[in-house]
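Visitor: For reference, this is data_20.pdb, and it has PDB, C-alpha atoms, pLDDT in the B column.
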ATOM      1  CA  MET A  76      -4.658  94.263  96.265  1.00 44.00           C
ATOM      2  CA  ASP A  77      -2.769  96.181  98.968  1.00 49.00           C
ATOM      3  CA  THR A  78      -5.280  97.041 101.722  1.00 50.00           C
ATOM      4  CA  SER A  79      -2.761  98.456 104.191  1.00 51.00           C
ATOM      5  CA  SER A  80      -3.220 102.009 105.412  1.00 49.00           C
ATOM      6  CA  PRO A  81      -0.860 104.600 103.940  1.00 49.00           C
ATOM      7  CA  GLY A  82       1.894 105.774 106.278  1.00 50.00           C
ATOM      8  CA  PRO A  83       2.128 109.325 107.559  1.00 55.00           C
ATOM      9  CA  THR A  84       3.130 111.948 105.044  1.00 64.00           C
ATOM     10  CA  GLU A  85       6.590 113.366 105.630  1.00 69.00           C
ATOM     11  CA  PRO A  86       6.641 117.151 106.025  1.00 71.00           C
ATOM     12  CA  GLU A  87       8.196 119.237 103.263  1.00 79.00           C
ATOM     13  CA  HIS A  88      10.547 122.118 104.033  1.00 81.00           C
ATOM     14  CA  VAL A  89      10.404 124.965 101.535  1.00 89.00           C
ATOM     15  CA  GLU A  90      12.935 127.778 101.652  1.00 92.00           C
ATOM     16  CA  VAL A  91      11.219 131.141 102.047  1.00 92.00           C
ATOM     17  CA  ALA A  92      14.222 133.460 102.384  1.00 95.00           C
ATOM     18  CA  ARG A  93      18.003 133.279 102.631  1.00 96.00           C
ATOM     19  CA  ALA A  94      20.688 135.811 103.539  1.00 96.00           C
ATOM     20  CA  GLU A  95      24.462 135.842 103.918  1.00 95.00           C
ATOM     21  CA  SER A  96      26.397 137.984 106.386  1.00 91.00           C
ATOM     22  CA  GLU A  97      29.879 137.971 107.894  1.00 91.00           C
ATOM     23  CA  ARG A  98      28.513 135.521 110.470  1.00 90.00           C
ATOM     24  CA  GLY A  99      27.382 133.069 107.815  1.00 90.00           C
ATOM     25  CA  GLU A 100      24.046 131.961 106.432  1.00 94.00           C
ATOM     26  CA  LEU A 101      20.557 132.705 107.715  1.00 94.00           C
ATOM     27  CA  VAL A 102      17.643 130.706 106.298  1.00 95.00           C
ATOM     28  CA  LEU A 103      13.902 130.935 106.839  1.00 94.00           C
ATOM     29  CA  ARG A 104      12.016 127.761 105.897  1.00 94.00           C
ATOM     30  CA  GLU A 105       8.337 126.841 105.824  1.00 90.00           C
ATOM     31  CA  ARG A 106       7.323 123.398 107.042  1.00 82.00           C
ATOM     32  CA  ARG A 107       4.358 122.051 105.091  1.00 77.00           C
ATOM     33  CA  GLY A 108       2.421 118.798 105.255  1.00 68.00           C
ATOM     34  CA  GLY A 109       3.030 115.934 107.640  1.00 63.00           C
ATOM     35  CA  THR A 110       0.987 115.620 110.801  1.00 64.00           C
ATOM     36  CA  GLY A 111       1.594 119.119 112.127  1.00 63.00           C
ATOM     37  CA  PRO A 112       0.435 122.567 111.015  1.00 71.00           C
ATOM     38  CA  THR A 113       2.328 124.752 108.588  1.00 78.00           C
ATOM     39  CA  SER A 114       5.081 126.597 110.431  1.00 83.00           C
ATOM     40  CA  LEU A 115       8.153 128.768 109.900  1.00 90.00           C
ATOM     41  CA  GLU A 116      11.622 127.695 110.982  1.00 91.00           C
ATOM     42  CA  LEU A 117      14.739 129.841 111.391  1.00 93.00           C
ATOM     43  CA  ARG A 118      18.217 128.334 110.906  1.00 91.00           C
ATOM     44  CA  ALA A 119      21.666 129.909 111.259  1.00 89.00           C
ATOM     45  CA  ASN A 120      24.539 128.137 109.492  1.00 87.00           C
ATOM     46  CA  GLY A 121      22.402 125.024 109.254  1.00 84.00           C
ATOM     47  CA  VAL A 122      21.599 124.959 112.971  1.00 81.00           C
ATOM     48  CA  PHE A 123      17.987 125.137 114.155  1.00 81.00           C
ATOM     49  CA  VAL A 124      17.342 128.371 116.078  1.00 84.00           C
ATOM     50  CA  MET A 125      13.565 128.461 116.567  1.00 83.00           C
ATOM     51  CA  ASP A 126      10.230 128.012 114.848  1.00 83.00           C
ATOM     52  CA  THR A 127       6.631 129.217 115.068  1.00 84.00           C
ATOM     53  CA  LEU A 128       5.335 125.809 116.133  1.00 76.00           C
ATOM     54  CA  GLU A 129       6.801 125.787 119.647  1.00 73.00           C
ATOM     55  CA  THR A 130       7.050 129.229 121.222  1.00 75.00           C
ATOM     56  CA  SER A 131       6.473 128.495 124.899  1.00 75.00           C
ATOM     57  CA  THR A 132      10.123 128.902 125.893  1.00 76.00           C
ATOM     58  CA  GLU A 133      10.392 132.388 124.366  1.00 80.00           C
ATOM     59  CA  ARG A 134       7.148 133.443 126.023  1.00 81.00           C
ATOM     60  CA  ALA A 135       8.171 131.907 129.333  1.00 80.00           C
ATOM     61  CA  LEU A 136      11.402 133.905 129.342  1.00 81.00           C
ATOM     62  CA  ALA A 137       9.521 137.183 129.049  1.00 91.00           C
ATOM     63  CA  THR A 138       6.782 136.290 131.527  1.00 90.00           C
ATOM     64  CA  ALA A 139       9.207 135.106 134.203  1.00 87.00           C
ATOM     65  CA  ALA A 140      11.543 138.068 133.697  1.00 91.00           C
ATOM     66  CA  LEU A 141       8.776 140.665 133.858  1.00 95.00           C
ATOM     67  CA  ALA A 142       7.634 139.191 137.166  1.00 93.00           C
ATOM     68  CA  LEU A 143      11.041 139.934 138.690  1.00 92.00           C
ATOM     69  CA  VAL A 144      10.873 143.705 138.238  1.00 95.00           C
ATOM     70  CA  GLU A 145       8.335 145.913 139.957  1.00 94.00           C
ATOM     71  CA  ASP A 146       8.227 148.621 137.302  1.00 95.00           C
ATOM     72  CA  PRO A 147       9.625 147.435 133.940  1.00 97.00           C
ATOM     73  CA  ARG A 148       8.959 150.628 132.002  1.00 97.00           C
ATOM     74  CA  ALA A 149      11.987 150.311 129.714  1.00 98.00           C
ATOM     75  CA  VAL A 150      13.021 146.851 128.491  1.00 98.00           C
ATOM     76  CA  VAL A 151      15.792 145.571 126.237  1.00 98.00           C
ATOM     77  CA  VAL A 152      15.329 142.298 124.368  1.00 97.00           C
ATOM     78  CA  GLY A 153      18.650 140.978 123.096  1.00 95.00           C
ATOM     79  CA  GLY A 154      17.762 138.907 120.044  1.00 92.00           C
ATOM     80  CA  LEU A 155      14.692 139.426 117.828  1.00 94.00           C
ATOM     81  CA  GLY A 156      14.256 135.831 116.682  1.00 91.00           C
ATOM     82  CA  LEU A 157      10.748 135.460 115.293  1.00 92.00           C
ATOM     83  CA  GLY A 158       9.381 138.033 117.715  1.00 93.00           C
ATOM     84  CA  PHE A 159       7.747 135.905 120.399  1.00 91.00           C
ATOM     85  CA  THR A 160       9.769 137.172 123.364  1.00 92.00           C
ATOM     86  CA  MET A 161       9.094 140.723 122.223  1.00 94.00           C
ATOM     87  CA  HIS A 162       5.394 139.909 121.791  1.00 94.00           C
ATOM     88  CA  GLU A 163       5.126 138.754 125.398  1.00 94.00           C
ATOM     89  CA  VAL A 164       6.981 141.836 126.666  1.00 96.00           C
ATOM     90  CA  LEU A 165       4.556 144.092 124.800  1.00 96.00           C
ATOM     91  CA  ALA A 166       1.604 142.258 126.343  1.00 95.00           C
ATOM     92  CA  ASP A 167       2.594 143.766 129.706  1.00 97.00           C
ATOM     93  CA  SER A 168       0.887 147.144 130.071  1.00 96.00           C
ATOM     94  CA  ARG A 169       3.648 148.375 132.410  1.00 97.00           C
ATOM     95  CA  VAL A 170       6.126 148.410 129.508  1.00 98.00           C
ATOM     96  CA  GLU A 171       6.436 151.855 127.940  1.00 98.00           C
ATOM     97  CA  ARG A 172       9.477 151.206 125.735  1.00 98.00           C
ATOM     98  CA  CYS A 173      10.948 148.022 124.283  1.00 98.00           C
ATOM     99  CA  ALA A 174      14.310 148.176 122.524  1.00 97.00           C
ATOM    100  CA  VAL A 175      15.004 145.038 120.485  1.00 97.00           C
ATOM    101  CA  VAL A 176      18.643 144.530 119.517  1.00 97.00           C
ATOM    102  CA  GLU A 177      19.245 142.182 116.577  1.00 96.00           C
ATOM    103  CA  ILE A 178      22.532 141.730 114.752  1.00 94.00           C
ATOM    104  CA  GLU A 179      21.062 140.227 111.567  1.00 95.00           C
ATOM    105  CA  GLU A 180      19.669 143.014 109.390  1.00 96.00           C
ATOM    106  CA  ALA A 181      18.032 140.485 107.052  1.00 97.00           C
ATOM    107  CA  LEU A 182      15.955 139.036 109.881  1.00 96.00           C
ATOM    108  CA  VAL A 183      14.698 142.487 110.828  1.00 97.00           C
ATOM    109  CA  GLY A 184      13.793 143.030 107.169  1.00 97.00           C
ATOM    110  CA  TRP A 185      11.847 139.759 107.007  1.00 97.00           C
ATOM    111  CA  MET A 186       9.866 140.781 110.073  1.00 97.00           C
ATOM    112  CA  ARG A 187       9.153 144.234 108.669  1.00 97.00           C
ATOM    113  CA  ASP A 188       8.144 143.264 105.125  1.00 97.00           C
ATOM    114  CA  GLY A 189       5.825 140.392 106.028  1.00 96.00           C
ATOM    115  CA  THR A 190       8.084 137.529 104.991  1.00 96.00           C
ATOM    116  CA  VAL A 191       7.411 136.548 108.607  1.00 95.00           C
ATOM    117  CA  PRO A 192       3.629 137.137 108.447  1.00 94.00           C
ATOM    118  CA  HIS A 193       3.098 138.244 112.043  1.00 94.00           C
ATOM    119  CA  GLY A 194       6.133 140.558 111.959  1.00 95.00           C
ATOM    120  CA  PRO A 195       4.655 143.844 110.672  1.00 97.00           C
ATOM    121  CA  ALA A 196       1.927 143.949 113.320  1.00 95.00           C
ATOM    122  CA  LEU A 197       4.437 143.413 116.134  1.00 94.00           C
ATOM    123  CA  LEU A 198       6.858 146.028 114.859  1.00 96.00           C
ATOM    124  CA  ALA A 199       4.039 148.530 114.338  1.00 96.00           C
ATOM    125  CA  ASP A 200       3.666 148.860 118.114  1.00 97.00           C
ATOM    126  CA  GLU A 201       4.796 152.409 118.904  1.00 97.00           C
ATOM    127  CA  ARG A 202       6.675 151.203 121.996  1.00 97.00           C
ATOM    128  CA  VAL A 203       9.095 149.125 119.885  1.00 98.00           C
ATOM    129  CA  HIS A 204      12.478 150.422 118.770  1.00 97.00           C
ATOM    130  CA  VAL A 205      14.574 147.979 116.737  1.00 97.00           C
ATOM    131  CA  VAL A 206      18.345 148.413 116.776  1.00 96.00           C
ATOM    132  CA  VAL A 207      20.367 146.502 114.187  1.00 97.00           C
ATOM    133  CA  ALA A 208      23.614 145.932 116.082  1.00 96.00           C
ATOM    134  CA  ASP A 209      25.622 143.567 118.204  1.00 95.00           C
ATOM    135  CA  VAL A 210      23.933 143.653 121.610  1.00 96.00           C
ATOM    136  CA  ALA A 211      27.330 144.071 123.292  1.00 95.00           C
ATOM    137  CA  VAL A 212      27.994 147.232 121.266  1.00 95.00           C
ATOM    138  CA  ALA A 213      24.465 148.589 121.684  1.00 96.00           C
ATOM    139  CA  LEU A 214      24.538 148.297 125.466  1.00 96.00           C
ATOM    140  CA  ALA A 215      28.075 149.653 125.711  1.00 96.00           C
ATOM    141  CA  GLU A 216      26.810 152.792 123.951  1.00 96.00           C
ATOM    142  CA  ALA A 217      23.666 153.153 126.089  1.00 96.00           C
ATOM    143  CA  ARG A 218      23.468 155.767 128.826  1.00 96.00           C
ATOM    144  CA  PRO A 219      23.885 154.540 132.405  1.00 96.00           C
ATOM    145  CA  ALA A 220      20.715 153.693 134.347  1.00 97.00           C
ATOM    146  CA  THR A 221      18.516 153.721 131.241  1.00 96.00           C
ATOM    147  CA  TYR A 222      16.652 150.409 131.470  1.00 98.00           C
ATOM    148  CA  ASP A 223      14.701 148.403 134.019  1.00 98.00           C
ATOM    149  CA  LEU A 224      15.058 144.962 132.467  1.00 98.00           C
ATOM    150  CA  VAL A 225      17.408 143.317 129.979  1.00 97.00           C
ATOM    151  CA  LEU A 226      16.456 139.931 128.499  1.00 96.00           C
ATOM    152  CA  LEU A 227      19.274 138.066 126.783  1.00 93.00           C
ATOM    153  CA  ASP A 228      18.038 135.462 124.292  1.00 85.00           C
ATOM    154  CA  VAL A 229      20.573 135.464 121.454  1.00 87.00           C
ATOM    155  CA  ASP A 230      21.488 131.800 122.037  1.00 80.00           C
ATOM    156  CA  ASN A 231      20.094 128.943 124.083  1.00 78.00           C
ATOM    157  CA  GLY A 232      22.646 129.818 126.736  1.00 84.00           C
ATOM    158  CA  PRO A 233      26.440 129.685 126.884  1.00 89.00           C
ATOM    159  CA  GLY A 234      26.544 125.992 126.005  1.00 86.00           C
ATOM    160  CA  TYR A 235      24.574 126.396 122.767  1.00 83.00           C
ATOM    161  CA  LEU A 236      26.030 129.345 120.890  1.00 86.00           C
ATOM    162  CA  VAL A 237      24.632 130.419 117.519  1.00 83.00           C
ATOM    163  CA  HIS A 238      28.001 132.111 116.843  1.00 82.00           C
ATOM    164  CA  ASP A 239      31.257 131.529 118.729  1.00 86.00           C
ATOM    165  CA  ALA A 240      31.693 135.271 119.300  1.00 88.00           C
ATOM    166  CA  ASN A 241      28.599 135.220 121.517  1.00 90.00           C
ATOM    167  CA  ALA A 242      30.634 133.515 124.254  1.00 92.00           C
ATOM    168  CA  ALA A 243      31.671 137.004 125.437  1.00 94.00           C
ATOM    169  CA  LEU A 244      28.047 137.779 126.320  1.00 95.00           C
ATOM    170  CA  TYR A 245      28.177 135.342 129.221  1.00 96.00           C
ATOM    171  CA  ARG A 246      31.395 136.655 130.767  1.00 96.00           C
ATOM    172  CA  GLU A 247      32.006 139.248 133.441  1.00 96.00           C
ATOM    173  CA  PRO A 248      33.040 142.293 131.312  1.00 97.00           C
ATOM    174  CA  PHE A 249      29.803 142.328 129.308  1.00 97.00           C
ATOM    175  CA  LEU A 250      27.695 141.521 132.370  1.00 97.00           C
ATOM    176  CA  ARG A 251      29.213 144.554 134.116  1.00 97.00           C
ATOM    177  CA  THR A 252      28.223 146.649 131.096  1.00 97.00           C
ATOM    178  CA  VAL A 253      24.638 145.464 131.465  1.00 98.00           C
ATOM    179  CA  ARG A 254      24.648 146.318 135.156  1.00 98.00           C
ATOM    180  CA  GLU A 255      25.657 149.884 134.331  1.00 97.00           C
ATOM    181  CA  VAL A 256      22.666 150.447 132.027  1.00 98.00           C
ATOM    182  CA  LEU A 257      20.157 149.141 134.578  1.00 98.00           C
ATOM    183  CA  ARG A 258      18.298 151.406 136.968  1.00 97.00           C
ATOM    184  CA  PRO A 259      18.028 150.666 140.701  1.00 96.00           C
ATOM    185  CA  GLY A 260      15.733 147.656 141.087  1.00 95.00           C
ATOM    186  CA  GLY A 261      16.476 146.482 137.559  1.00 97.00           C
ATOM    187  CA  ALA A 262      17.525 143.022 136.441  1.00 97.00           C
ATOM    188  CA  LEU A 263      19.308 141.078 133.731  1.00 97.00           C
ATOM    189  CA  VAL A 264      17.721 137.724 132.855  1.00 95.00           C
ATOM    190  CA  VAL A 265      19.544 135.190 130.688  1.00 94.00           C
ATOM    191  CA  TRP A 266      17.810 132.151 129.212  1.00 88.00           C
ATOM    192  CA  SER A 267      19.773 128.889 129.130  1.00 90.00           C
ATOM    193  CA  ALA A 268      18.840 125.415 127.900  1.00 84.00           C
ATOM    194  CA  ALA A 269      21.059 123.833 130.567  1.00 89.00           C
ATOM    195  CA  GLU A 270      22.648 124.624 133.896  1.00 92.00           C
ATOM    196  CA  ALA A 271      25.524 127.085 133.468  1.00 94.00           C
ATOM    197  CA  ALA A 272      27.685 127.320 136.582  1.00 94.00           C
ATOM    198  CA  ASP A 273      30.271 129.586 134.916  1.00 96.00           C
ATOM    199  CA  LEU A 274      27.552 132.053 133.899  1.00 96.00           C
ATOM    200  CA  GLU A 275      26.138 132.114 137.415  1.00 96.00           C
ATOM    201  CA  ALA A 276      29.614 132.765 138.832  1.00 97.00           C
ATOM    202  CA  ALA A 277      30.235 135.591 136.338  1.00 97.00           C
ATOM    203  CA  LEU A 278      26.879 137.151 137.192  1.00 97.00           C
ATOM    204  CA  ARG A 279      27.686 136.941 140.891  1.00 97.00           C
ATOM    205  CA  THR A 280      30.944 138.800 140.327  1.00 97.00           C
ATOM    206  CA  ALA A 281      29.397 141.451 138.071  1.00 97.00           C
ATOM    207  CA  PHE A 282      26.253 142.083 140.116  1.00 97.00           C
ATOM    208  CA  GLY A 283      27.381 141.139 143.613  1.00 95.00           C
ATOM    209  CA  GLY A 284      24.869 138.290 143.568  1.00 92.00           C
ATOM    210  CA  ALA A 285      23.150 135.912 141.167  1.00 93.00           C
ATOM    211  CA  GLU A 286      20.344 133.418 141.028  1.00 91.00           C
ATOM    212  CA  GLY A 287      19.801 130.363 138.849  1.00 91.00           C
ATOM    213  CA  ARG A 288      16.118 129.438 138.557  1.00 86.00           C
ATOM    214  CA  PRO A 289      15.005 126.138 137.018  1.00 86.00           C
ATOM    215  CA  HIS A 290      12.040 126.610 134.745  1.00 77.00           C
ATOM    216  CA  ASP A 291       9.960 123.605 133.683  1.00 77.00           C
ATOM    217  CA  VAL A 292       8.340 123.781 130.246  1.00 70.00           C
ATOM    218  CA  ARG A 293       6.047 121.325 128.470  1.00 64.00           C
ATOM    219  CA  LEU A 294       7.240 120.919 124.871  1.00 60.00           C
ATOM    220  CA  GLN A 295       5.206 118.740 122.499  1.00 61.00           C
ATOM    221  CA  ASP A 296       4.189 116.176 125.129  1.00 69.00           C
ATOM    222  CA  ARG A 297       7.548 116.096 126.888  1.00 71.00           C
ATOM    223  CA  ASP A 298       8.805 117.828 129.986  1.00 78.00           C
ATOM    224  CA  GLU A 299      11.919 119.980 129.658  1.00 76.00           C
ATOM    225  CA  ARG A 300      13.845 121.950 132.252  1.00 82.00           C
ATOM    226  CA  TYR A 301      15.413 125.240 131.252  1.00 83.00           C
ATOM    227  CA  TRP A 302      17.169 127.831 133.398  1.00 88.00           C
ATOM    228  CA  LEU A 303      16.828 131.542 134.045  1.00 89.00           C
ATOM    229  CA  TYR A 304      19.959 133.242 135.329  1.00 94.00           C
ATOM    230  CA  VAL A 305      19.272 136.514 137.080  1.00 95.00           C
ATOM    231  CA  GLY A 306      21.468 139.397 138.136  1.00 96.00           C
ATOM    232  CA  ARG A 307      19.780 142.226 140.056  1.00 95.00           C
ATOM    233  CA  VAL A 308      20.630 145.818 140.878  1.00 95.00           C
ATOM    234  CA  PRO A 309      19.588 146.728 144.433  1.00 92.00           C
ATOM    235  CA  GLY A 310      16.514 148.957 144.616  1.00 86.00           C
ATOM    236  CA  PRO A 311      16.515 152.495 145.943  1.00 80.00           C
ATOM    237  CA  ALA A 312      17.071 152.773 149.678  1.00 67.00           C
TER     238      ALA A 312
END
What is this structure when it is put down as structure tokens?
Guide:
Amino acid sequence: MDTSSPGPTEPEHVEVARAESERGELVLRERRGGTGPTSLELRANGVFVMDTLETSTERALATAALALVEDPRAVVVGGLGLGFTMHEVLADSRVERCAVVEIEEALVGWMRDGTVPHGPALLADERVHVVVADVAVALAEARPATYDLVLLDVDNGPGYLVHDANAALYREPFLRTVREVLRPGGALVVWSAAEAADLEAALRTAFGGAEGRPHDVRLQDRDERYWLYVGRVPGPA
């Protein structure tokens, strides 16, 4: 008789939703079983983007960025993801308007119709305005001096692009566009999974100054260091 203890059960990944666009394939999967809780996972072209199990980095981006601006009444979040950056922005009572720019219409639909269960409640907040567009196009069309804070979280930084076309978001022309839509005292904050010297240099050129801030995060019993890259518009004299 075999008296050995059974090994751990391997988690099962069940596809919840799938969509195709000109950028490729977007898949939402549910992780069931194993040692962890049930969770949702988002993948683009087979590459892991984020899940609902570990959300501290998305929340940390918003918390750290909001602390940099004295009066963040109007905020842009570039990249909807599964809504956790937006959720943290909305938790700040100073925020009166939050524009979320997301290029994947299917992802917005999954958040709205409850395919992502926590989505409808987040999007029901009257301060939220979702724009289905490329963030570069959306900000190019925005009026000057409209926003106090822009959070860019469409990739894990310039070294970890979800789509190759996103490389332009970390270069000087787009960064200058962002500067134009910011009010005096406003800031652009870019999240990166690694140091990005070229991004810091481009920010310095576009804004006249830049700052790279290491940000330590505890992820599932391991320490990780991420980076916030900040470009600021001088405040009113």
Visitor: Out of A:Val91, A:Val237, A:Ala139, A:Ala196, which residue has the shortest atom-to-atom distance to Asn120 of chain A when counting all atoms listed in the file?
Guide: A:Val237
Visitor: Name all residues at most 6 Å from segment 210-225 of chain A (count all atoms listed in the file; drop same-chain ones fewer than 4 positions away) and give them as a PyMOL selection string.
Guide: chain A and resi 147+149-151+176+255-258+261-263
Visitor: Report the residues retrieved by the PyMOL selection byres ((chain A and resi 269) around 8) from the displayed file, expressed as a list of chain:residue names.
Guide: A:Gly232, A:Gly234, A:Ser267, A:Ala268, A:Glu270, A:Ala271, A:Arg300, A:Tyr301, A:Trp302
Visitor: Output C-alpha atoms for every residue in the selection just made, as a short mmCIF file (atom, residue, chain, number, x, y, z; two decimals), keeping the file's coordinate frame.
Guide:
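Done, and the output landed in result31.cif:
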data_model
loop_
_atom_site.label_atom_id
_atom_site.label_comp_id
_atom_site.auth_asym_id
_atom_site.auth_seq_id
_atom_site.Cartn_x
_atom_site.Cartn_y
_atom_site.Cartn_z
CA GLY A 232 22.65 129.82 126.74
CA GLY A 234 26.54 125.99 126.00
CA SER A 267 19.77 128.89 129.13
CA ALA A 268 18.84 125.42 127.90
CA GLU A 270 22.65 124.62 133.90
CA ALA A 271 25.52 127.08 133.47
CA ARG A 300 13.84 121.95 132.25
CA TYR A 301 15.41 125.24 131.25
CA TRP A 302 17.17 127.83 133.40
#
Visitor: Might you spell out which residues the PyMOL selection byres ((chain A and resi 310) around 8) would select in the displayed file, as a PDB file with C-alpha atoms, in the coordinates of the input?
Guide:
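Produced file out03.pdb, reproduced below:
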ATOM      1  CA  PRO A 259      18.028 150.666 140.701  1.00 96.00           C
ATOM      2  CA  GLY A 260      15.733 147.656 141.087  1.00 95.00           C
ATOM      3  CA  GLY A 261      16.476 146.482 137.559  1.00 97.00           C
ATOM      4  CA  VAL A 308      20.630 145.818 140.878  1.00 95.00           C
ATOM      5  CA  PRO A 309      19.588 146.728 144.433  1.00 92.00           C
ATOM      6  CA  PRO A 311      16.515 152.495 145.943  1.00 80.00           C
ATOM      7  CA  ALA A 312      17.071 152.773 149.678  1.00 67.00           C
TER       8      ALA A 312
END
Visitor: Give me the residues within 6 Å of Arg106 of chain A as a PyMOL selection string, counting all atoms listed in the file and dropping any in the same chain fewer than 6 places off.
Guide: chain A and resi 87-88+113-114
Visitor: As a list of chain:residue names, please: the residues near segment 169-174 of chain A (cut-off 9 Å, only C-alpha atoms, same-chain neighbours under 6 positions excluded).
Guide: A:Asp146, A:Pro147, A:Arg148, A:Ala149, A:Val150, A:Val151, A:Val152, A:Gly153, A:Met161, A:Glu201, A:Arg202, A:Val203, A:His204, A:Val205, A:Val206
